[in-house]
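The file work23.csv comes next; it holds CSV, C-alpha atoms and all ligand atoms.
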```csv
chain,number,residue,atom,x,y,z
W,1,MET,CA,20.8,-55.7,-15.4
W,2,ALA,CA,21.3,-52.2,-14.1
W,3,THR,CA,19.9,-49.3,-16.2
W,4,VAL,CA,21.9,-46.2,-16.8
W,5,LEU,CA,20.5,-43.0,-18.2
W,6,ILE,CA,23.2,-40.8,-19.8
W,7,LEU,CA,22.3,-37.2,-20.5
W,8,GLY,CA,24.4,-36.5,-23.5
W,9,GLY,CA,25.2,-34.3,-26.4
W,10,THR,CA,28.9,-34.7,-26.0
W,11,ARG,CA,31.6,-37.0,-27.3
W,12,ASP,CA,32.3,-38.3,-23.8
W,13,ALA,CA,28.6,-39.2,-23.4
W,14,ARG,CA,28.8,-41.2,-26.7
W,15,GLU,CA,31.9,-43.0,-25.6
W,16,LEU,CA,30.6,-43.8,-22.2
W,17,ALA,CA,27.5,-45.4,-23.7
W,18,GLY,CA,29.8,-47.8,-25.5
W,19,SER,CA,31.8,-48.5,-22.3
W,20,LEU,CA,29.2,-50.0,-20.0
W,21,PRO,CA,29.0,-53.7,-20.9
W,22,GLY,CA,26.4,-55.6,-18.8
W,23,HIS,CA,24.3,-52.5,-18.4
W,24,THR,CA,21.1,-51.3,-20.1
W,25,VAL,CA,22.1,-47.9,-21.4
W,26,ILE,CA,19.7,-45.2,-22.4
W,27,SER,CA,21.2,-42.0,-23.9
W,28,SER,CA,19.3,-38.8,-24.0
W,29,LEU,CA,19.9,-36.0,-26.5
W,30,ALA,CA,18.3,-32.5,-26.5
W,31,GLY,CA,17.6,-32.7,-30.2
W,32,ARG,CA,19.4,-29.5,-31.2
W,33,THR,CA,21.3,-30.9,-34.2
W,34,THR,CA,19.5,-32.3,-37.2
W,35,SER,CA,21.9,-35.3,-37.7
W,36,PRO,CA,23.5,-36.0,-34.4
W,37,LEU,CA,26.3,-38.6,-34.0
W,38,LEU,CA,24.4,-41.4,-32.2
W,39,PRO,CA,25.7,-43.4,-29.3
W,40,PRO,CA,25.3,-47.2,-29.3
W,41,GLY,CA,22.2,-48.5,-27.5
W,42,GLU,CA,18.8,-46.9,-26.9
W,43,VAL,CA,18.6,-43.2,-27.7
W,44,ARG,CA,15.7,-40.9,-26.8
W,45,VAL,CA,15.6,-37.3,-28.1
W,46,GLY,CA,14.0,-34.1,-26.7
W,47,GLY,CA,13.4,-32.4,-23.4
W,48,PHE,CA,11.9,-34.3,-20.4
W,49,GLY,CA,9.7,-31.4,-19.3
W,50,GLY,CA,11.9,-30.0,-16.5
W,51,ALA,CA,13.2,-31.7,-13.4
W,52,GLU,CA,9.8,-33.2,-12.7
W,53,GLY,CA,9.6,-34.8,-16.1
W,54,LEU,CA,13.1,-36.2,-15.7
W,55,ALA,CA,12.3,-37.6,-12.3
W,56,SER,CA,9.2,-39.2,-13.8
W,57,PHE,CA,11.3,-40.8,-16.5
W,58,LEU,CA,13.8,-42.1,-13.9
W,59,ARG,CA,11.0,-43.8,-12.1
W,60,THR,CA,9.1,-45.1,-15.1
W,61,ARG,CA,12.2,-46.6,-16.7
W,62,ARG,CA,13.6,-47.8,-13.3
W,63,VAL,CA,16.9,-46.1,-13.8
W,64,ASP,CA,19.6,-47.2,-11.4
W,65,VAL,CA,22.2,-44.5,-12.2
W,66,LEU,CA,21.9,-41.1,-13.8
W,67,VAL,CA,24.9,-39.7,-15.6
W,68,ASP,CA,25.1,-36.0,-16.5
W,69,ALA,CA,27.5,-36.1,-19.3
W,70,THR,CA,26.2,-32.9,-20.9
W,71,HIS,CA,28.4,-30.0,-22.0
W,72,PRO,CA,29.7,-27.9,-19.0
W,73,PHE,CA,27.7,-24.9,-20.4
W,74,ALA,CA,24.4,-26.8,-20.5
W,75,ALA,CA,23.5,-25.5,-17.1
W,76,ARG,CA,19.7,-26.0,-17.1
W,77,ILE,CA,19.7,-29.7,-17.8
W,78,SER,CA,22.5,-30.1,-15.2
W,79,ALA,CA,20.4,-28.3,-12.6
W,80,ASN,CA,17.4,-30.4,-13.5
W,81,ALA,CA,19.5,-33.6,-13.2
W,82,ALA,CA,20.6,-32.6,-9.7
W,83,VAL,CA,17.0,-32.0,-8.6
W,84,ALA,CA,15.6,-35.2,-10.2
W,85,ALA,CA,18.3,-37.3,-8.6
W,86,GLN,CA,17.6,-35.8,-5.2
W,87,VAL,CA,13.8,-36.3,-5.3
W,88,THR,CA,14.1,-39.9,-6.7
W,89,GLY,CA,17.1,-41.0,-4.8
W,90,VAL,CA,18.8,-42.2,-8.0
W,91,PRO,CA,22.6,-41.7,-7.7
W,92,LEU,CA,24.0,-39.0,-10.0
W,93,LEU,CA,27.4,-39.0,-11.5
W,94,VAL,CA,28.6,-35.9,-13.4
W,95,LEU,CA,31.1,-36.6,-16.2
W,96,GLN,CA,32.9,-33.4,-17.0
W,97,ARG,CA,36.3,-32.7,-18.5
W,98,PRO,CA,38.4,-30.4,-16.3
W,99,GLY,CA,38.6,-26.8,-17.4
W,100,TRP,CA,41.6,-25.5,-19.3
W,101,VAL,CA,44.7,-24.0,-17.7
W,102,PRO,CA,46.9,-21.5,-19.5
W,103,GLY,CA,50.5,-22.4,-20.2
W,104,PRO,CA,53.6,-20.4,-21.1
W,105,GLY,CA,53.0,-18.1,-24.1
W,106,ASP,CA,49.2,-18.1,-23.7
W,107,ASP,CA,47.5,-14.6,-23.7
W,108,TRP,CA,44.2,-15.4,-22.1
W,109,ARG,CA,41.5,-13.1,-20.6
W,110,ARG,CA,38.9,-14.9,-18.6
W,111,VAL,CA,35.4,-13.5,-18.8
W,112,ARG,CA,32.4,-14.5,-16.6
W,113,ASP,CA,30.0,-14.8,-19.5
W,114,LEU,CA,29.3,-14.1,-23.2
W,115,SER,CA,28.2,-10.5,-22.6
W,116,GLN,CA,31.5,-9.7,-21.0
W,117,ALA,CA,33.3,-11.3,-23.9
W,118,ALA,CA,31.3,-9.2,-26.3
W,119,ALA,CA,32.1,-6.0,-24.3
W,120,GLU,CA,35.8,-6.7,-24.2
W,121,LEU,CA,36.3,-7.7,-27.9
W,122,PRO,CA,36.6,-4.3,-29.6
W,123,GLY,CA,39.7,-3.4,-27.5
W,124,LEU,CA,41.4,-6.7,-28.3
W,125,GLY,CA,41.1,-7.3,-32.0
W,126,GLU,CA,39.1,-6.8,-35.2
W,127,ARG,CA,38.9,-10.2,-36.8
W,128,VAL,CA,37.4,-12.7,-34.4
W,129,PHE,CA,37.2,-16.5,-34.5
W,130,LEU,CA,34.1,-17.3,-32.6
W,131,THR,CA,33.9,-20.9,-31.4
W,132,THR,CA,31.1,-20.5,-28.8
W,133,GLY,CA,28.4,-22.3,-30.8
W,134,ARG,CA,25.5,-21.1,-32.9
W,135,GLN,CA,23.1,-20.6,-29.9
W,136,GLU,CA,25.4,-17.9,-28.5
W,137,MET,CA,25.7,-15.7,-31.6
W,138,ALA,CA,23.1,-13.2,-30.3
W,139,ALA,CA,25.5,-12.0,-27.6
W,140,PHE,CA,27.8,-10.6,-30.3
W,141,ALA,CA,25.2,-9.1,-32.6
W,142,ALA,CA,25.7,-5.6,-31.4
W,143,VAL,CA,29.5,-5.6,-31.8
W,144,LYS,CA,29.9,-3.5,-34.9
W,145,GLU,CA,33.6,-2.9,-34.6
W,146,CYS,CA,34.6,-6.5,-35.4
W,147,TRP,CA,34.4,-9.0,-38.3
W,148,PHE,CA,33.4,-12.5,-37.1
W,149,LEU,CA,34.3,-16.0,-38.4
W,150,ALA,CA,32.0,-18.4,-36.5
W,151,ARG,CA,32.2,-22.2,-36.4
W,152,SER,CA,29.1,-24.2,-35.7
W,153,ILE,CA,27.5,-27.5,-36.7
W,154,GLU,CA,24.2,-26.0,-37.6
W,155,PRO,CA,23.7,-22.7,-39.5
W,156,PRO,CA,23.3,-19.8,-37.1
W,157,GLU,CA,20.0,-17.9,-36.8
W,158,PRO,CA,19.5,-14.1,-36.1
W,159,PRO,CA,20.2,-12.2,-34.1
W,160,MET,CA,23.9,-12.5,-35.1
W,161,PRO,CA,26.7,-10.1,-36.0
W,162,GLN,CA,26.3,-8.1,-39.2
W,163,ARG,CA,29.8,-8.9,-40.5
W,164,LEU,CA,29.9,-12.7,-40.2
W,165,ALA,CA,31.3,-15.6,-42.1
W,166,VAL,CA,30.4,-19.2,-41.0
W,167,ILE,CA,32.3,-22.4,-41.2
W,168,ARG,CA,30.0,-25.4,-40.6
W,169,ASP,CA,32.0,-28.1,-39.1
W,170,ARG,CA,32.0,-30.6,-36.2
W,171,GLY,CA,35.1,-31.6,-34.2
W,172,PRO,CA,37.5,-33.1,-33.6
W,173,PHE,CA,39.7,-30.4,-35.2
W,174,THR,CA,43.4,-30.7,-36.0
W,175,LEU,CA,46.3,-28.3,-35.2
W,176,ASP,CA,47.0,-27.8,-38.9
W,177,GLY,CA,43.4,-27.1,-39.6
W,178,GLU,CA,43.2,-24.5,-36.8
W,179,ARG,CA,46.5,-22.9,-37.9
W,180,ASN,CA,45.1,-22.5,-41.4
W,181,ILE,CA,41.9,-20.9,-40.2
W,182,LEU,CA,43.7,-18.3,-38.1
W,183,LYS,CA,46.2,-17.6,-41.0
W,184,ASP,CA,43.7,-17.6,-43.9
W,185,HIS,CA,41.2,-15.4,-42.2
W,186,ARG,CA,43.8,-13.1,-40.5
W,187,ILE,CA,42.3,-13.8,-37.1
W,188,ASP,CA,43.6,-11.6,-34.4
W,189,VAL,CA,41.4,-12.7,-31.4
W,190,LEU,CA,39.8,-16.1,-30.5
W,191,VAL,CA,36.7,-16.5,-28.3
W,192,THR,CA,35.9,-19.8,-26.7
W,193,LYS,CA,34.0,-21.3,-23.8
W,194,ASP,CA,36.1,-23.2,-21.3
W,195,SER,CA,34.8,-26.5,-22.5
W,196,GLY,CA,37.9,-28.6,-21.5
W,197,GLY,CA,39.4,-31.5,-23.5
W,198,PRO,CA,41.7,-31.3,-26.5
W,199,ALA,CA,41.7,-27.9,-28.0
W,200,PRO,CA,44.2,-27.4,-30.9
W,201,LYS,CA,42.7,-23.9,-31.4
W,202,LEU,CA,44.4,-22.8,-28.2
W,203,SER,CA,47.7,-24.1,-29.3
W,204,ALA,CA,47.3,-22.4,-32.7
W,205,ALA,CA,46.4,-19.1,-31.0
W,206,ARG,CA,49.5,-19.4,-28.7
W,207,GLU,CA,51.7,-20.0,-31.8
W,208,ARG,CA,50.2,-17.0,-33.5
W,209,GLY,CA,50.5,-14.8,-30.4
W,210,ILE,CA,46.9,-13.7,-30.4
W,211,PRO,CA,44.7,-13.1,-27.4
W,212,VAL,CA,42.0,-15.5,-26.3
W,213,LEU,CA,38.8,-14.6,-24.5
W,214,VAL,CA,37.9,-17.7,-22.4
W,215,VAL,CA,34.4,-17.7,-21.1
W,216,ASP,CA,34.2,-19.2,-17.5
W,217,ARG,CA,31.9,-22.2,-16.9
W,218,PRO,CA,28.6,-21.6,-15.2
W,219,SER,CA,28.7,-22.8,-11.6
W,220,ALA,CA,27.7,-26.5,-11.2
W,221,PRO,CA,25.2,-27.8,-8.6
W,222,PRO,CA,27.1,-28.5,-5.4
W,223,GLY,CA,27.9,-31.8,-3.8
W,224,THR,CA,27.8,-34.1,-6.8
W,225,GLU,CA,30.1,-37.1,-7.5
W,226,THR,CA,32.2,-36.3,-10.6
W,227,ALA,CA,34.4,-38.1,-13.0
W,228,ALA,CA,36.9,-36.4,-15.3
W,229,THR,CA,37.2,-39.1,-17.9
W,230,VAL,CA,35.1,-41.8,-19.5
W,231,PRO,CA,37.1,-44.7,-18.0
W,232,GLU,CA,36.8,-43.1,-14.5
W,233,ALA,CA,33.0,-42.7,-15.0
W,234,ALA,CA,32.7,-46.3,-16.3
W,235,ALA,CA,34.6,-47.6,-13.2
W,236,THR,CA,32.4,-45.5,-10.8
W,237,ILE,CA,29.2,-46.8,-12.4
W,238,ALA,CA,30.4,-50.4,-12.3
W,239,SER,CA,31.2,-50.0,-8.6
W,240,TRP,CA,27.8,-48.5,-7.9
W,241,THR,CA,25.8,-51.1,-9.8
W,242,SER,CA,27.8,-54.0,-8.3
W,243,SER,CA,27.1,-53.0,-4.7
W,244,PRO,CA,23.3,-53.3,-4.3
W,245,GLY,CA,21.7,-51.0,-1.8
W,246,ARG,CA,23.9,-48.0,-2.6
L,301,LIG,P1,20.4,-26.4,-21.4
L,301,LIG,O1,20.2,-25.0,-21.7
L,301,LIG,O2,21.1,-26.8,-20.2
L,301,LIG,O3,19.0,-27.2,-21.4
L,301,LIG,C1,17.8,-26.6,-21.9
L,301,LIG,C2,16.7,-27.7,-22.0
L,301,LIG,O4,17.0,-28.6,-23.0
L,301,LIG,C3,16.7,-28.5,-20.7
L,301,LIG,O5,15.9,-27.9,-19.7
L,301,LIG,C4,16.1,-29.8,-21.3
L,301,LIG,O6,14.7,-29.6,-21.5
L,301,LIG,C5,16.7,-29.9,-22.7
L,301,LIG,N1,17.9,-30.7,-22.7
L,301,LIG,C6,19.2,-30.3,-22.7
L,301,LIG,N2,20.0,-31.3,-22.8
L,301,LIG,C7,19.3,-32.4,-22.8
L,301,LIG,C8,19.5,-33.8,-23.0
L,301,LIG,N3,20.8,-34.3,-23.1
L,301,LIG,N4,18.5,-34.7,-23.0
L,301,LIG,C9,17.2,-34.2,-23.0
L,301,LIG,N5,16.9,-32.9,-22.9
L,301,LIG,C10,17.9,-32.0,-22.8
L,301,LIG,O7,21.1,-27.1,-22.7
L,301,LIG,P2,21.9,-26.5,-23.9
L,301,LIG,O8,23.0,-25.7,-23.4
L,301,LIG,O9,20.9,-25.9,-24.9
L,301,LIG,O10,22.5,-27.8,-24.5
L,301,LIG,C11,21.7,-28.7,-25.2
L,301,LIG,C12,22.5,-30.0,-25.6
L,301,LIG,O11,23.6,-29.6,-26.4
L,301,LIG,C13,23.0,-30.7,-24.4
L,301,LIG,O12,22.8,-32.1,-24.6
L,301,LIG,C14,24.5,-30.4,-24.4
L,301,LIG,O13,25.3,-31.5,-23.9
L,301,LIG,C15,24.8,-30.2,-25.8
L,301,LIG,N6,25.9,-29.2,-26.0
L,301,LIG,C16,25.7,-27.9,-25.5
L,301,LIG,C17,26.8,-27.0,-25.6
L,301,LIG,C18,26.7,-25.7,-25.0
L,301,LIG,O14,27.7,-24.9,-25.2
L,301,LIG,N7,25.7,-25.3,-24.3
L,301,LIG,C19,27.9,-27.4,-26.4
L,301,LIG,C20,28.0,-28.7,-27.0
L,301,LIG,C21,26.9,-29.5,-26.8
L,301,LIG,P3,13.6,-30.1,-20.4
L,301,LIG,O15,13.7,-29.1,-19.3
L,301,LIG,O16,12.3,-30.1,-21.1
L,301,LIG,O17,14.0,-31.5,-20.0
```

Re-express the file's structure as structure tokens.
Amino acid sequence: MATVLILGGTRDARELAGSLPGHTVISSLAGRTTSPLLPPGEVRVGGFGGAEGLASFLRTRRVDVLVDATHPFAARISANAAVAAQVTGVPLLVLQRPGWVPGPGDDWRRVRDLSQAAAELPGLGERVFLTTGRQEMAAFAAVKECWFLARSIEPPEPPMPQRLAVIRDRGPFTLDGERNILKDHRIDVLVTKDSGGPAPKLSAARERGIPVLVVDRPSAPPGTETAATVPEAAATIASWTSSPGR
């Protein structure tokens, strides 16, 4: 039975772990959240110790396919996965949702990173809905002109903005819920990473006519096989593991 290691921390990674009948699946989580939603099958938690540690895990556990199903902004683990796959010869599949594309009525400003988002905020609005995650709060700590409403699974830690309210919640979110947040908190600008996938916050922002700062994805390691959806990833893995010698 072929062994598949899924680098996770995303909903797609959890779903993929349950979509590979006939395979031994090991899911790996970084260990950032205290009570993560666990995928079916074996789960290991914590860093591997860089690309070398990951390569050693691939060898020890005789992994046949490595899947990088981490969040598009988890750049370090993705770079490590690319290196570990190359040095061990284990085939790597990147499962990543396509980035968002603006539609009619959207008022988006693309920024290259969180510092640029922080720099552009004061000219755009005063009441910010910050959905970039608790680890990114520091980038906005020096923005004194704005009040922030941040949403994160775990409570944020300093440095963080002085004028800050926090909603602790985990997706999926609904359009009604997002509309209510924008209305109740009189939000006039939204900040988000380009995570891809369903995003009712973007529809709610469009309806309300507020600008959105969309942080571009970090560049991905070149030349990797990718899948955009869980079924596509499952089909690719099945084809790889059913053709020995690949
Ligand atoms: P990162 O900066 O790319 O990775 C930092 C280090 O954390 C890696 O070098 C690795 O340590 C360890 N690590 C990360 N993901 C791991 C995994 N799935 N299994 C084992 N070790 C892992 O990662 P990050 O941005 O902090 O993200 C951490 C986790 O949160 C990822 O699983 C990601 O999918 C999830 N997540 C991230 C975001 C985001 O916006 N960044 C959003 C939602 C979910 P070693 O070098 O020691 O192996």

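Of the listed residues W:Ser195, W:Thr229, W:Ser115, W:Ser56, the one whose atoms come nearest to ligand LIG 301 (chain L) is W:Ser195, with distances taken using only C-alpha atoms and all ligand atoms.
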
Which residues of chain W sit at most 7 Å from ligand LIG 301 (chain L), using all atoms listed in the file? Give each one's shortest atom pair and distance in Å (one decimal place), in chain and ascending residue order, as CSV.
```
residue,atom,partner,partner_atom,distance
W:Leu7,CA,L:LIG301,N3,4.2
W:Gly8,CA,L:LIG301,N3,4.2
W:Gly9,CA,L:LIG301,O12,3.7
W:Thr10,CA,L:LIG301,O13,5.3
W:Ser28,CA,L:LIG301,N4,4.3
W:Leu29,CA,L:LIG301,N3,3.9
W:Ala30,CA,L:LIG301,C10,3.8
W:Arg32,CA,L:LIG301,O11,6.4
W:Val45,CA,L:LIG301,C9,6.2
W:Gly46,CA,L:LIG301,C9,4.9
W:Gly47,CA,L:LIG301,O16,3.4
W:Phe48,CA,L:LIG301,O17,3.5
W:Gly49,CA,L:LIG301,O16,3.4
W:Gly50,CA,L:LIG301,O15,3.4
W:Ala51,CA,L:LIG301,O15,6.5
W:Gly53,CA,L:LIG301,O17,6.7
W:Leu54,CA,L:LIG301,O17,6.4
W:Ala69,CA,L:LIG301,O13,6.9
W:Thr70,CA,L:LIG301,O13,3.4
W:His71,CA,L:LIG301,O13,3.9
W:Phe73,CA,L:LIG301,N7,4.4
W:Ala74,CA,L:LIG301,O2,3.3
W:Ala75,CA,L:LIG301,O2,4.1
W:Arg76,CA,L:LIG301,O2,3.5
W:Ile77,CA,L:LIG301,O2,4.0
W:Ser78,CA,L:LIG301,O2,6.2
W:Asn80,CA,L:LIG301,O5,6.9
W:Thr132,CA,L:LIG301,O14,6.6
W:Gly133,CA,L:LIG301,O14,6.2
```

Mind dumping the selected residues with C-alpha atoms as a tab-separated table (two decimals), in the frame of the given file?
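In the end it all went to selection-v3.tsv:
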```tsv
chain	number	residue	atom	x	y	z
W	7	LEU	CA	22.30	-37.20	-20.50
W	8	GLY	CA	24.40	-36.50	-23.50
W	9	GLY	CA	25.20	-34.30	-26.40
W	10	THR	CA	28.90	-34.70	-26.00
W	28	SER	CA	19.30	-38.80	-24.00
W	29	LEU	CA	19.90	-36.00	-26.50
W	30	ALA	CA	18.30	-32.50	-26.50
W	32	ARG	CA	19.40	-29.50	-31.20
W	45	VAL	CA	15.60	-37.30	-28.10
W	46	GLY	CA	14.00	-34.10	-26.70
W	47	GLY	CA	13.40	-32.40	-23.40
W	48	PHE	CA	11.90	-34.30	-20.40
W	49	GLY	CA	9.70	-31.40	-19.30
W	50	GLY	CA	11.90	-30.00	-16.50
W	51	ALA	CA	13.20	-31.70	-13.40
W	53	GLY	CA	9.60	-34.80	-16.10
W	54	LEU	CA	13.10	-36.20	-15.70
W	69	ALA	CA	27.50	-36.10	-19.30
W	70	THR	CA	26.20	-32.90	-20.90
W	71	HIS	CA	28.40	-30.00	-22.00
W	73	PHE	CA	27.70	-24.90	-20.40
W	74	ALA	CA	24.40	-26.80	-20.50
W	75	ALA	CA	23.50	-25.50	-17.10
W	76	ARG	CA	19.70	-26.00	-17.10
W	77	ILE	CA	19.70	-29.70	-17.80
W	78	SER	CA	22.50	-30.10	-15.20
W	80	ASN	CA	17.40	-30.40	-13.50
W	132	THR	CA	31.10	-20.50	-28.80
W	133	GLY	CA	28.40	-22.30	-30.80
```

Step by step, gather every atom of segment 140-157 of chain W that the file lists, find the box along x, y and z that holds them, add 8 Å on each side, and finally give centre and edge lengths in Å to one decimal, as AutoDock Vina command-line options.
```
--center_x 27.3 --center_y -15.2 --center_z -34.9 --size_x 30.6 --size_y 40.6 --size_z 25.2
```

I want to know what sits within 12 Å of Ile6 of chain W, based on only C-alpha atoms, with residues of the same chain fewer than 5 positions away left out; could you give that as a PyMOL selection string?
chain W and resi 11-20+23-30+39-45+54+58+63-70+77-78+81+92-95+230+233-234+237

re atom CA of Pro72 of chain W and atom CA of Lys193 of chain W: distance 9.2 Å

Expected residue set, 12 Å radius at (29.3, -21.0, -10.2), only C-alpha atoms, as a list in words:
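Using only C-alpha atoms, the matching residues come out as Pro72, Phe73, Ala75, Ala79, Arg112, Asp113, Asp216, Arg217, Pro218, Ser219, Ala220, Pro221 and Pro222 of chain W.
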
Between atom CA of Val214 of chain W and atom CA of Leu38 of chain W, what is the distance, to one decimal in Å?
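Atom-to-atom, atom CA of Val214 of chain W to atom CA of Leu38 of chain W, that is 29.0 Å.
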
Spatial neighbours of Ala138 of chain W, 10 Å, only C-alpha atoms, chain gap at least 5 places, as a list in words:
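Close residues of Ala138 of chain W: Leu114, Ser115, Ala118, Pro156, Glu157, Pro158, Pro159, Met160 and Pro161 of chain W.
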
Of the residues W:Pro102, W:Gln96, W:Leu5, W:Ser35, which is the one nearest to Glu232 of chain W, using all atoms listed in the file?
W:Gln96

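Nearest-residue note for Gly123 of chain W: choosing from W:Ala55, W:Asp188, W:Ala228, W:Glu178, the minimum distance belongs to W:Asp188, counting only C-alpha atoms.
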